[in-house]
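Visitor: What follows is start-v6.json, made up of JSON, C-alpha atoms:
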```json
[["chain", "number", "residue", "atom", "x", "y", "z"],
["A", 1, "MET", "CA", 0.00, 0.00, 0.00],
["A", 2, "ARG", "CA", 2.83, 2.41, 0.90],
["A", 3, "THR", "CA", 4.54, 1.67, -2.37],
["A", 4, "TYR", "CA", 1.31, 2.41, -4.23],
["A", 5, "PHE", "CA", 0.80, 5.80, -2.54],
["A", 6, "SER", "CA", 4.47, 6.65, -2.96],
["A", 7, "ARG", "CA", 4.14, 6.08, -6.67],
["A", 8, "ILE", "CA", 1.01, 8.26, -6.74],
["A", 9, "ASN", "CA", 2.82, 11.05, -4.89],
["A", 10, "ILE", "CA", 5.76, 10.89, -7.28],
["A", 11, "LEU", "CA", 3.39, 11.01, -10.27],
["A", 12, "VAL", "CA", 1.59, 14.05, -8.84],
["A", 13, "LEU", "CA", 4.90, 15.84, -8.26],
["A", 14, "ILE", "CA", 6.00, 15.14, -11.84],
["A", 15, "LEU", "CA", 2.70, 16.47, -13.23],
["A", 16, "LEU", "CA", 2.89, 19.60, -11.07],
["A", 17, "SER", "CA", 6.46, 20.27, -12.16],
["A", 18, "GLN", "CA", 5.47, 19.94, -15.82],
["A", 19, "VAL", "CA", 2.62, 22.40, -15.33],
["A", 20, "SER", "CA", 5.00, 24.80, -13.57],
["A", 21, "ILE", "CA", 7.61, 24.55, -16.33],
["A", 22, "SER", "CA", 4.98, 25.00, -19.02],
["A", 23, "SER", "CA", 3.59, 28.09, -17.29],
["A", 24, "TYR", "CA", 7.07, 29.50, -16.82],
["A", 25, "GLY", "CA", 7.86, 29.14, -20.51],
["A", 26, "GLN", "CA", 4.82, 31.12, -21.52],
["A", 27, "ASP", "CA", 4.56, 34.92, -21.34],
["A", 28, "SER", "CA", 1.84, 35.11, -18.71],
["A", 29, "GLY", "CA", -0.15, 38.29, -18.24],
["A", 30, "LYS", "CA", -0.66, 41.15, -20.63],
["A", 31, "TYR", "CA", 2.12, 42.98, -22.43],
["A", 32, "PRO", "CA", 4.50, 44.18, -21.15],
["A", 33, "ASN", "CA", 5.37, 42.22, -18.03],
["A", 34, "ARG", "CA", 9.16, 42.48, -18.18],
["A", 35, "PRO", "CA", 11.77, 45.04, -19.34],
["A", 36, "ILE", "CA", 11.88, 46.12, -22.98],
["A", 37, "THR", "CA", 15.10, 46.72, -24.93],
["A", 38, "PHE", "CA", 15.60, 49.54, -27.43],
["A", 39, "ILE", "CA", 18.47, 48.63, -29.76],
["A", 40, "ALA", "CA", 19.90, 51.86, -31.18],
["A", 41, "SER", "CA", 21.66, 51.51, -34.52],
["A", 42, "SER", "CA", 24.36, 54.10, -33.73],
["A", 43, "ALA", "CA", 26.92, 54.71, -31.01],
["A", 44, "PRO", "CA", 26.17, 56.87, -27.95],
["A", 45, "GLY", "CA", 26.26, 60.58, -28.64],
["A", 46, "GLY", "CA", 24.26, 60.71, -31.88],
["A", 47, "THR", "CA", 20.65, 61.58, -32.61],
["A", 48, "THR", "CA", 19.63, 57.90, -32.82],
["A", 49, "ASP", "CA", 20.89, 57.46, -29.27],
["A", 50, "PHE", "CA", 19.23, 60.74, -28.23],
["A", 51, "THR", "CA", 15.91, 59.56, -29.69],
["A", 52, "ALA", "CA", 16.09, 56.21, -27.91],
["A", 53, "ARG", "CA", 16.94, 57.74, -24.54],
["A", 54, "VAL", "CA", 14.54, 60.69, -24.65],
["A", 55, "LEU", "CA", 11.71, 58.24, -25.45],
["A", 56, "ALA", "CA", 12.72, 55.36, -23.17],
["A", 57, "LEU", "CA", 11.98, 56.91, -19.79],
["A", 58, "PRO", "CA", 8.50, 58.38, -20.41],
["A", 59, "LEU", "CA", 7.41, 55.43, -22.54],
["A", 60, "GLY", "CA", 8.64, 52.99, -19.91],
["A", 61, "THR", "CA", 6.68, 54.89, -17.29],
["A", 62, "ALA", "CA", 3.55, 54.78, -19.44],
["A", 63, "LEU", "CA", 3.93, 51.03, -20.03],
["A", 64, "GLY", "CA", 4.88, 50.28, -16.44],
["A", 65, "GLN", "CA", 8.20, 48.67, -17.37],
["A", 66, "THR", "CA", 11.86, 49.66, -17.65],
["A", 67, "ILE", "CA", 13.14, 50.30, -21.17],
["A", 68, "VAL", "CA", 16.86, 49.61, -21.56],
["A", 69, "VAL", "CA", 18.80, 51.29, -24.38],
["A", 70, "GLU", "CA", 21.46, 49.11, -25.97],
["A", 71, "ASN", "CA", 23.75, 50.62, -28.61],
["A", 72, "LYS", "CA", 24.83, 48.29, -31.41],
["A", 73, "ALA", "CA", 26.79, 50.49, -33.77],
["A", 74, "GLY", "CA", 28.65, 49.51, -36.91],
["A", 75, "ALA", "CA", 28.20, 48.14, -40.43],
["A", 76, "SER", "CA", 25.94, 51.08, -41.37],
["A", 77, "GLY", "CA", 23.25, 49.93, -38.97],
["A", 78, "ALA", "CA", 23.38, 46.27, -40.00],
["A", 79, "ILE", "CA", 24.51, 44.99, -36.59],
["A", 80, "ALA", "CA", 21.51, 46.52, -34.83],
["A", 81, "ALA", "CA", 19.06, 45.65, -37.60],
["A", 82, "THR", "CA", 20.20, 42.03, -37.70],
["A", 83, "ALA", "CA", 19.90, 41.70, -33.93],
["A", 84, "VAL", "CA", 16.31, 42.92, -33.99],
["A", 85, "LYS", "CA", 15.47, 40.85, -37.07],
["A", 86, "LYS", "CA", 16.55, 37.72, -35.18],
["A", 87, "ALA", "CA", 14.74, 38.65, -31.97],
["A", 88, "ASP", "CA", 11.45, 37.08, -30.98],
["A", 89, "PRO", "CA", 8.53, 39.11, -32.38],
["A", 90, "ASP", "CA", 7.07, 39.68, -28.93],
["A", 91, "GLY", "CA", 7.51, 43.43, -28.46],
["A", 92, "TYR", "CA", 10.43, 43.15, -26.04],
["A", 93, "THR", "CA", 13.22, 43.94, -28.54],
["A", 94, "LEU", "CA", 12.69, 47.05, -30.67],
["A", 95, "LEU", "CA", 14.89, 48.87, -33.17],
["A", 96, "VAL", "CA", 15.46, 52.63, -32.92],
["A", 97, "GLN", "CA", 16.58, 53.31, -36.46],
["A", 98, "TYR", "CA", 18.10, 56.17, -38.42],
["A", 99, "SER", "CA", 16.71, 56.97, -41.86],
["A", 100, "GLY", "CA", 20.09, 56.96, -43.56],
["A", 101, "TYR", "CA", 20.67, 53.37, -42.50],
["A", 102, "HIS", "CA", 17.09, 52.26, -43.14],
["A", 103, "VAL", "CA", 16.58, 53.77, -46.58],
["A", 104, "ILE", "CA", 19.90, 54.84, -48.09],
["A", 105, "THR", "CA", 22.19, 51.98, -47.02],
["A", 106, "PRO", "CA", 20.22, 49.37, -49.03],
["A", 107, "LEU", "CA", 20.53, 51.64, -52.09],
["A", 108, "VAL", "CA", 24.32, 52.03, -51.94],
["A", 109, "SER", "CA", 25.42, 48.63, -50.68],
["A", 110, "LYS", "CA", 27.37, 46.57, -53.21],
["A", 111, "ASN", "CA", 26.62, 43.32, -51.40],
["A", 112, "PRO", "CA", 23.32, 41.91, -50.11],
["A", 113, "LEU", "CA", 22.54, 43.13, -46.60],
["A", 114, "PRO", "CA", 21.72, 40.66, -43.80],
["A", 115, "TRP", "CA", 18.34, 42.40, -43.42],
["A", 116, "GLU", "CA", 15.58, 43.81, -45.62],
["A", 117, "LEU", "CA", 12.85, 46.40, -45.12],
["A", 118, "LYS", "CA", 10.30, 43.58, -45.04],
["A", 119, "ASP", "CA", 11.96, 42.19, -41.88],
["A", 120, "PHE", "CA", 10.53, 45.03, -39.80],
["A", 121, "GLN", "CA", 7.13, 46.29, -38.73],
["A", 122, "PRO", "CA", 6.95, 50.11, -38.47],
["A", 123, "VAL", "CA", 5.78, 51.27, -35.03],
["A", 124, "ALA", "CA", 6.19, 55.05, -34.99],
["A", 125, "ASN", "CA", 8.32, 57.91, -36.21],
["A", 126, "VAL", "CA", 9.62, 59.94, -33.28],
["A", 127, "ILE", "CA", 12.14, 62.62, -34.28],
["A", 128, "SER", "CA", 12.82, 64.47, -37.53],
["A", 129, "ALA", "CA", 15.70, 66.88, -38.00],
["A", 130, "PRO", "CA", 17.59, 68.61, -40.80],
["A", 131, "GLN", "CA", 21.31, 68.16, -41.24],
["A", 132, "ILE", "CA", 23.60, 71.02, -40.31],
["A", 133, "VAL", "CA", 27.01, 71.73, -41.81],
["A", 134, "VAL", "CA", 29.44, 71.92, -38.88],
["A", 135, "VAL", "CA", 33.14, 72.85, -38.93],
["A", 136, "ARG", "CA", 35.85, 73.04, -36.29],
["A", 137, "ALA", "CA", 35.94, 76.47, -34.69],
["A", 138, "ASP", "CA", 39.67, 76.84, -35.40],
["A", 139, "LEU", "CA", 39.05, 76.76, -39.15],
["A", 140, "PRO", "CA", 38.69, 80.21, -40.76],
["A", 141, "PHE", "CA", 35.35, 79.54, -42.47],
["A", 142, "LYS", "CA", 32.46, 81.62, -41.20],
["A", 143, "THR", "CA", 30.16, 81.03, -44.19],
["A", 144, "MET", "CA", 29.40, 78.32, -46.73],
["A", 145, "LYS", "CA", 30.77, 80.62, -49.45],
["A", 146, "GLU", "CA", 34.15, 80.74, -47.70],
["A", 147, "LEU", "CA", 34.22, 76.97, -47.24],
["A", 148, "ILE", "CA", 33.39, 76.37, -50.90],
["A", 149, "SER", "CA", 36.03, 78.87, -52.07],
["A", 150, "TYR", "CA", 38.69, 77.10, -50.00],
["A", 151, "ALA", "CA", 37.61, 73.66, -51.20],
["A", 152, "LYS", "CA", 37.78, 74.75, -54.83],
["A", 153, "ALA", "CA", 41.31, 76.07, -54.33],
["A", 154, "ASN", "CA", 42.37, 72.94, -52.42],
["A", 155, "PRO", "CA", 40.69, 69.85, -53.95],
["A", 156, "GLY", "CA", 40.53, 66.91, -51.56],
["A", 157, "LYS", "CA", 42.25, 68.74, -48.70],
["A", 158, "LEU", "CA", 39.12, 69.17, -46.60],
["A", 159, "ASN", "CA", 37.89, 65.95, -45.02],
["A", 160, "TYR", "CA", 34.41, 65.36, -43.69],
["A", 161, "ALA", "CA", 33.21, 62.78, -41.20],
["A", 162, "SER", "CA", 30.03, 60.73, -41.46],
["A", 163, "SER", "CA", 28.34, 58.09, -39.34],
["A", 164, "GLY", "CA", 29.20, 55.48, -41.96],
["A", 165, "ASN", "CA", 29.16, 54.62, -45.64],
["A", 166, "GLY", "CA", 25.68, 55.13, -47.01],
["A", 167, "SER", "CA", 24.61, 57.32, -44.10],
["A", 168, "LEU", "CA", 22.71, 60.52, -44.76],
["A", 169, "GLN", "CA", 25.83, 62.49, -43.77],
["A", 170, "HIS", "CA", 27.73, 60.67, -46.51],
["A", 171, "VAL", "CA", 25.01, 61.43, -49.04],
["A", 172, "THR", "CA", 24.77, 65.07, -47.91],
["A", 173, "GLY", "CA", 28.53, 65.46, -48.35],
["A", 174, "ALA", "CA", 28.32, 63.99, -51.84],
["A", 175, "MET", "CA", 25.41, 66.30, -52.66],
["A", 176, "LEU", "CA", 27.42, 69.32, -51.53],
["A", 177, "GLU", "CA", 30.40, 68.24, -53.63],
["A", 178, "GLN", "CA", 28.18, 67.84, -56.67],
["A", 179, "GLN", "CA", 26.22, 71.07, -56.27],
["A", 180, "ALA", "CA", 29.18, 73.27, -55.29],
["A", 181, "GLY", "CA", 31.65, 71.72, -57.74],
["A", 182, "ILE", "CA", 34.17, 70.78, -55.05],
["A", 183, "LYS", "CA", 36.06, 67.67, -53.95],
["A", 184, "MET", "CA", 36.46, 66.60, -50.31],
["A", 185, "THR", "CA", 37.69, 63.42, -48.61],
["A", 186, "HIS", "CA", 35.07, 61.26, -46.89],
["A", 187, "ILE", "CA", 35.97, 59.66, -43.53],
["A", 188, "PRO", "CA", 33.31, 57.14, -42.34],
["A", 189, "TYR", "CA", 32.81, 56.31, -38.65],
["A", 190, "LYS", "CA", 30.67, 53.86, -36.69],
["A", 191, "GLY", "CA", 28.13, 56.48, -35.71],
["A", 192, "THR", "CA", 27.87, 60.20, -35.05],
["A", 193, "GLY", "CA", 29.40, 59.94, -31.57],
["A", 194, "PRO", "CA", 32.86, 58.79, -32.75],
["A", 195, "ALA", "CA", 32.73, 61.22, -35.68],
["A", 196, "LEU", "CA", 31.96, 64.10, -33.31],
["A", 197, "ALA", "CA", 34.81, 63.08, -30.99],
["A", 198, "ASP", "CA", 37.33, 63.27, -33.83],
["A", 199, "LEU", "CA", 35.86, 66.54, -35.09],
["A", 200, "LEU", "CA", 36.34, 68.05, -31.62],
["A", 201, "GLY", "CA", 39.80, 66.51, -31.47],
["A", 202, "GLY", "CA", 40.86, 68.07, -34.76],
["A", 203, "GLN", "CA", 41.22, 64.84, -36.73],
["A", 204, "VAL", "CA", 38.56, 65.89, -39.26],
["A", 205, "ASP", "CA", 37.51, 69.29, -40.57],
["A", 206, "LEU", "CA", 33.75, 69.17, -40.86],
["A", 207, "THR", "CA", 30.71, 66.98, -40.79],
["A", 208, "PHE", "CA", 27.02, 66.95, -41.57],
["A", 209, "GLY", "CA", 24.57, 65.78, -38.98],
["A", 210, "THR", "CA", 21.36, 66.31, -37.12],
["A", 211, "PRO", "CA", 21.69, 69.08, -34.50],
["A", 212, "PRO", "CA", 21.19, 67.32, -31.10],
["A", 213, "PRO", "CA", 24.77, 66.11, -30.52],
["A", 214, "PHE", "CA", 26.34, 69.28, -31.97],
["A", 215, "ILE", "CA", 24.35, 72.10, -30.37],
["A", 216, "PRO", "CA", 26.11, 72.00, -26.95],
["A", 217, "HIS", "CA", 29.49, 72.36, -28.68],
["A", 218, "ILE", "CA", 28.21, 75.11, -30.98],
["A", 219, "GLN", "CA", 26.95, 76.99, -27.94],
["A", 220, "THR", "CA", 30.34, 76.73, -26.21],
["A", 221, "GLY", "CA", 32.17, 77.87, -29.35],
["A", 222, "LYS", "CA", 34.05, 74.63, -30.01],
["A", 223, "LEU", "CA", 32.19, 74.09, -33.29],
["A", 224, "ARG", "CA", 30.66, 76.43, -35.85],
["A", 225, "ALA", "CA", 27.48, 75.77, -37.82],
["A", 226, "LEU", "CA", 27.52, 77.20, -41.34],
["A", 227, "ALA", "CA", 24.12, 76.12, -42.68],
["A", 228, "THR", "CA", 21.10, 73.93, -42.10],
["A", 229, "THR", "CA", 19.73, 71.68, -44.85],
["A", 230, "GLY", "CA", 16.11, 72.18, -43.83],
["A", 231, "LYS", "CA", 13.58, 74.48, -45.46],
["A", 232, "LYS", "CA", 13.57, 76.91, -42.53],
["A", 233, "ARG", "CA", 15.96, 78.12, -39.85],
["A", 234, "LEU", "CA", 16.06, 76.24, -36.57],
["A", 235, "GLN", "CA", 14.61, 77.83, -33.45],
["A", 236, "SER", "CA", 17.64, 76.62, -31.52],
["A", 237, "LEU", "CA", 20.09, 78.09, -34.10],
["A", 238, "PRO", "CA", 18.30, 81.21, -35.40],
["A", 239, "ASP", "CA", 21.47, 82.84, -36.75],
["A", 240, "VAL", "CA", 22.41, 79.87, -38.93],
["A", 241, "PRO", "CA", 21.14, 80.30, -42.51],
["A", 242, "THR", "CA", 19.47, 77.58, -44.53],
["A", 243, "ALA", "CA", 21.44, 76.03, -47.36],
["A", 244, "ALA", "CA", 19.13, 77.85, -49.78],
["A", 245, "GLU", "CA", 19.98, 81.18, -48.13],
["A", 246, "ALA", "CA", 23.65, 80.23, -48.44],
["A", 247, "GLY", "CA", 23.28, 79.72, -52.20],
["A", 248, "LEU", "CA", 22.65, 75.96, -52.29],
["A", 249, "PRO", "CA", 18.87, 75.58, -52.78],
["A", 250, "LYS", "CA", 19.04, 71.89, -53.67],
["A", 251, "LEU", "CA", 20.98, 70.86, -50.57],
["A", 252, "ASP", "CA", 17.87, 69.58, -48.81],
["A", 253, "ALA", "CA", 18.38, 66.65, -46.44],
["A", 254, "THR", "CA", 16.27, 65.79, -43.40],
["A", 255, "SER", "CA", 16.80, 62.77, -41.18],
["A", 256, "TRP", "CA", 14.15, 60.88, -39.26],
["A", 257, "PHE", "CA", 14.42, 58.47, -36.37],
["A", 258, "ALA", "CA", 11.79, 55.80, -35.85],
["A", 259, "VAL", "CA", 10.89, 52.71, -33.85],
["A", 260, "PHE", "CA", 10.49, 49.34, -35.54],
["A", 261, "ALA", "CA", 9.55, 45.86, -34.30],
["A", 262, "PRO", "CA", 10.46, 42.50, -35.84],
["A", 263, "ILE", "CA", 7.98, 41.45, -38.50],
["A", 264, "ASN", "CA", 5.13, 39.27, -37.22],
["A", 265, "THR", "CA", 4.96, 41.14, -33.92],
["A", 266, "PRO", "CA", 1.29, 40.90, -32.89],
["A", 267, "ALA", "CA", -0.83, 43.83, -34.06],
["A", 268, "SER", "CA", -2.16, 44.32, -30.52],
["A", 269, "ILE", "CA", 1.37, 44.95, -29.24],
["A", 270, "VAL", "CA", 2.27, 47.28, -32.11],
["A", 271, "ASN", "CA", -0.96, 49.22, -31.55],
["A", 272, "GLN", "CA", -0.28, 49.51, -27.83],
["A", 273, "LEU", "CA", 3.26, 50.74, -28.43],
["A", 274, "THR", "CA", 2.36, 53.30, -31.08],
["A", 275, "THR", "CA", -0.58, 54.60, -29.03],
["A", 276, "GLU", "CA", 1.61, 55.16, -25.97],
["A", 277, "ILE", "CA", 4.40, 56.71, -28.06],
["A", 278, "ALA", "CA", 1.88, 59.17, -29.53],
["A", 279, "LYS", "CA", 0.77, 60.17, -26.02],
["A", 280, "VAL", "CA", 4.36, 60.69, -24.87],
["A", 281, "MET", "CA", 5.17, 62.78, -27.93],
["A", 282, "ALA", "CA", 2.09, 64.95, -27.43],
["A", 283, "GLU", "CA", 3.44, 66.17, -24.10],
["A", 284, "PRO", "CA", 4.77, 69.78, -24.28],
["A", 285, "ALA", "CA", 7.91, 68.77, -22.36],
["A", 286, "PHE", "CA", 8.82, 66.15, -24.98],
["A", 287, "LYS", "CA", 8.23, 68.57, -27.85],
["A", 288, "GLN", "CA", 10.27, 71.28, -26.16],
["A", 289, "LYS", "CA", 13.17, 68.94, -25.50],
["A", 290, "ALA", "CA", 13.26, 68.07, -29.21],
["A", 291, "VAL", "CA", 13.17, 71.75, -30.22],
["A", 292, "GLU", "CA", 15.96, 72.66, -27.80],
["A", 293, "MET", "CA", 18.16, 70.05, -29.44],
["A", 294, "GLY", "CA", 17.46, 71.32, -32.96],
["A", 295, "ALA", "CA", 14.97, 68.61, -33.86],
["A", 296, "GLU", "CA", 11.21, 68.22, -34.04],
["A", 297, "ALA", "CA", 8.85, 65.64, -32.57],
["A", 298, "VAL", "CA", 7.05, 64.28, -35.63],
["A", 299, "TYR", "CA", 4.74, 61.36, -34.92],
["A", 300, "MET", "CA", 3.71, 58.92, -37.65],
["A", 301, "ASN", "CA", 1.63, 55.82, -36.97],
["A", 302, "PRO", "CA", 2.64, 52.46, -38.50],
["A", 303, "LYS", "CA", 0.67, 52.99, -41.72],
["A", 304, "GLN", "CA", 1.89, 56.56, -42.20],
["A", 305, "LEU", "CA", 5.49, 55.56, -41.52],
["A", 306, "ASP", "CA", 5.28, 52.65, -43.95],
["A", 307, "GLU", "CA", 3.98, 54.95, -46.72],
["A", 308, "PHE", "CA", 6.59, 57.59, -45.89],
["A", 309, "ILE", "CA", 9.40, 55.04, -46.18],
["A", 310, "LYS", "CA", 8.19, 54.13, -49.68],
["A", 311, "THR", "CA", 8.26, 57.81, -50.66],
["A", 312, "GLU", "CA", 11.72, 58.26, -49.15],
["A", 313, "ASN", "CA", 12.97, 55.23, -51.03],
["A", 314, "ILE", "CA", 11.93, 56.76, -54.35],
["A", 315, "ARG", "CA", 13.43, 60.14, -53.48],
["A", 316, "TRP", "CA", 16.81, 58.88, -52.32],
["A", 317, "THR", "CA", 17.13, 56.38, -55.16],
["A", 318, "SER", "CA", 17.18, 59.37, -57.49],
["A", 319, "VAL", "CA", 19.71, 61.24, -55.34],
["A", 320, "VAL", "CA", 22.05, 58.25, -55.01],
["A", 321, "LYS", "CA", 22.01, 57.56, -58.75],
["A", 322, "THR", "CA", 22.64, 61.20, -59.61],
["A", 323, "ALA", "CA", 25.50, 61.51, -57.12],
["A", 324, "ARG", "CA", 26.80, 58.02, -58.06],
["A", 325, "ILE", "CA", 27.22, 57.03, -54.43],
["A", 326, "GLU", "CA", 28.38, 53.53, -53.54],
["A", 327, "ALA", "CA", 29.45, 52.01, -50.26],
["A", 328, "ASP", "CA", 33.18, 51.33, -50.06]]
```
For this file, produce the structure as structure tokens.
Guide:
Amino acid sequence: MRTYFSRINILVLILLSQVSISSYGQDSGKYPNRPITFIASSAPGGTTDFTARVLALPLGTALGQTIVVENKAGASGAIAATAVKKADPDGYTLLVQYSGYHVITPLVSKNPLPWELKDFQPVANVISAPQIVVVRADLPFKTMKELISYAKANPGKLNYASSGNGSLQHVTGAMLEQQAGIKMTHIPYKGTGPALADLLGGQVDLTFGTPPPFIPHIQTGKLRALATTGKKRLQSLPDVPTAAEAGLPKLDATSWFAVFAPINTPASIVNQLTTEIAKVMAEPAFKQKAVEMGAEAVYMNPKQLDEFIKTENIRWTSVVKTARIEAD
């Protein structure tokens, strides 16, 4: 009899353990019930990183979970994109992506990329910002006209940094060369942060980039902004002319920074994320923080962002072909 009941007890324990293991393996409760990771496609210090961090805290508060920002820079955004592509489509690993990597890199790459646009589900656009032309303060250029005159007299002597081959900075530099009839040397980096560090250190002469990482150094006089590639002057840099005002009306380049999920992420999760992001972005404090950094909070829902990406693809295909840009 004891043997019989012992066997029963053992069987019950086995069944209970299987139930426990099964329950543990499932994502119990509604989303989210554990921390979320933002994978930023650039190094710390750039606008992609700024976008991820300025969104992470208020969105995490709204969702009731911590959002961790993890920077995976390099390979023109491919390291970050591949990591998110391979992640479970459960809403816990999201890509904070830069438009240059998302749209332009596939157009200039000589070899197939380890990711495609179809691998990602748009969630929301968060930040949009024009590029600014920034030079070291110890260089004598105070205007775009002076920079162009020097570059014409010294072909290839000026070097400009970018956040990588195929980045919007790279394309903007090529556009400037084409439109101004000058030749500069392109120096690619693994993100805006490293490029900015070398610009401040005197290793490169100028760069093109979205304002957030540069404005503090412009305000302290370490860097000088010569022009903005947007259609209007920035509130945070009111004395900096537009490229059109500086005599380059076709130098129009605006970056955007958006959140993406792996494809096949449940629609309910995507809807929850984009709804909460919209609420965060509607707050005056969020909008003001973007303006102070030379950017603008521009929300797009998944459908709007998807359509916008298609439009951007058409636009930049034309630019890349005209400028004959290829990744090294």
Visitor: Env of Thr66 in chain A: 7 Å cut, atoms = all atoms listed in the file, seq-sep filter 4 positions within chain, self excluded. Answer as a list in words.
Guide: Pro35, Ile36 and Gly60 of chain A
Visitor: Leaving out range 184-198 of chain A and any residue of its chain fewer than 5 positions from it, which residues lie within 6 Å of it when counting only C-alpha atoms, given as a ChimeraX atom specification?
Guide: /A:42-46,73-74,156,158-165,203
Visitor: Restricting it to C-alpha atoms, dump the selection as a compact mmCIF listing (two decimals), keeping the file's coordinate frame.
Guide:
```
# COMPACT_ATOMS: atom_id res chain seq x y z
CA SER A 42 24.36 54.10 -33.73
CA ALA A 43 26.92 54.71 -31.01
CA PRO A 44 26.17 56.87 -27.95
CA GLY A 45 26.26 60.58 -28.64
CA GLY A 46 24.26 60.71 -31.88
CA ALA A 73 26.79 50.49 -33.77
CA GLY A 74 28.65 49.51 -36.91
CA GLY A 156 40.53 66.91 -51.56
CA LEU A 158 39.12 69.17 -46.60
CA ASN A 159 37.89 65.95 -45.02
CA TYR A 160 34.41 65.36 -43.69
CA ALA A 161 33.21 62.78 -41.20
CA SER A 162 30.03 60.73 -41.46
CA SER A 163 28.34 58.09 -39.34
CA GLY A 164 29.20 55.48 -41.96
CA ASN A 165 29.16 54.62 -45.64
CA GLN A 203 41.22 64.84 -36.73
```
Visitor: Please determine, counting only C-alpha atoms, which residue among A:Ala227, A:Met281, A:Ala56, A:Leu147 has the shortest atom-to-atom distance to Pro130 in chain A.
Guide: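 Going through A:Ala227, A:Met281, A:Ala56, A:Leu147 one by one, the smallest distance to Pro130 in chain A is for A:Ala227.
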Visitor: Write out as a PyMOL selection string which residues come within 12 Å of Glu307 in chain A when counting only C-alpha atoms, dropping same-chain ones fewer than 5 positions away.
Guide: chain A and resi 122+124-125+300-302+312-314
Visitor: Choose the residue, out of A:Leu55, A:Leu113, A:Leu95, A:Ala40, that has the smallest atom-to-atom separation from Val69 in chain A; count only C-alpha atoms.
Guide: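 Checking each of A:Leu55, A:Leu113, A:Leu95, A:Ala40 against Val69 in chain A, counting only C-alpha atoms, the winner is A:Ala40.
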Visitor: Could you work out how far CA of Gly77 in chain A lies from CA of Ser268 in chain A, giving the answer in Å with one decimal?
Guide: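 Separating CA of Ser268 in chain A from CA of Gly77 in chain A is a distance of 27.4 Å.
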Visitor: Please, what distance in Å, to one decimal, runs between CA of Val204 in chain A and CA of Met175 in chain A?
Guide: 18.8 Å
Visitor: What is the CA of Ile309 in chain A-CA of Val134 in chain A distance in Å, reported with one decimal?
Guide: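 Interatomic distance here is 27.2 Å.
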Visitor: Please determine, counting only C-alpha atoms, which residue among A:Ile269, A:Ile218, A:Val280, A:Val259 has the shortest atom-to-atom distance to Ala81 in chain A.
Guide: A:Val259
Visitor: From the set A:Gln169, A:Gln121, A:Thr265, A:Ser128, which residue has the shortest atom-to-atom contact distance to Lys303 in chain A, counting all atoms listed in the file?
Guide: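 Selected residue with least distance to Lys303 in chain A: A:Gln121.
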Visitor: Between A:Asp88, A:Glu70, A:Glu177, A:Asp49, which has the minimum distance to Leu248 in chain A (counting only C-alpha atoms)?
Guide: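 Closest to Leu248 in chain A of all the choices is A:Glu177.
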Visitor: Of the candidates A:Thr274, A:Thr317, A:Ser109, A:Ser99, which shows the shortest atom-to-atom distance to Val123 in chain A, using all atoms listed in the file?
Guide: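 The answer is A:Thr274, which sits nearest to Val123 in chain A.
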Visitor: Identify, on the basis of all atoms listed in the file, every residue whose closest approach to Gly166 in chain A does not exceed 7 Å; exclude the query and any residue fewer than 3 positions from it along the same chain; express the result as a ChimeraX atom specification.
Guide: /A:76,100-101,104-105,108,170-171,327
Visitor: Take the point (8.3, 42.5, -27.4) in the file's coordinates, draw a sphere of radius 10 Å around it, and report as a PDB file with C-alpha atoms, in the frame of the given file every protein, DNA or RNA residue with an atom inside or on it, counting only C-alpha atoms.
Guide:
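The resulting file, result_34.pdb, is reproduced below:
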```pdb
ATOM      1  CA  TYR A  31       2.120  42.980 -22.430  1.00  0.00           C
ATOM      2  CA  PRO A  32       4.500  44.180 -21.150  1.00  0.00           C
ATOM      3  CA  ASN A  33       5.370  42.220 -18.030  1.00  0.00           C
ATOM      4  CA  ARG A  34       9.160  42.480 -18.180  1.00  0.00           C
ATOM      5  CA  PRO A  35      11.770  45.040 -19.340  1.00  0.00           C
ATOM      6  CA  ILE A  36      11.880  46.120 -22.980  1.00  0.00           C
ATOM      7  CA  THR A  37      15.100  46.720 -24.930  1.00  0.00           C
ATOM      8  CA  ALA A  87      14.740  38.650 -31.970  1.00  0.00           C
ATOM      9  CA  ASP A  88      11.450  37.080 -30.980  1.00  0.00           C
ATOM     10  CA  PRO A  89       8.530  39.110 -32.380  1.00  0.00           C
ATOM     11  CA  ASP A  90       7.070  39.680 -28.930  1.00  0.00           C
ATOM     12  CA  GLY A  91       7.510  43.430 -28.460  1.00  0.00           C
ATOM     13  CA  TYR A  92      10.430  43.150 -26.040  1.00  0.00           C
ATOM     14  CA  THR A  93      13.220  43.940 -28.540  1.00  0.00           C
ATOM     15  CA  LEU A  94      12.690  47.050 -30.670  1.00  0.00           C
ATOM     16  CA  ALA A 261       9.550  45.860 -34.300  1.00  0.00           C
ATOM     17  CA  PRO A 262      10.460  42.500 -35.840  1.00  0.00           C
ATOM     18  CA  THR A 265       4.960  41.140 -33.920  1.00  0.00           C
ATOM     19  CA  PRO A 266       1.290  40.900 -32.890  1.00  0.00           C
ATOM     20  CA  ILE A 269       1.370  44.950 -29.240  1.00  0.00           C
ATOM     21  CA  VAL A 270       2.270  47.280 -32.110  1.00  0.00           C
ATOM     22  CA  LEU A 273       3.260  50.740 -28.430  1.00  0.00           C
TER      23      LEU A 273
END
```
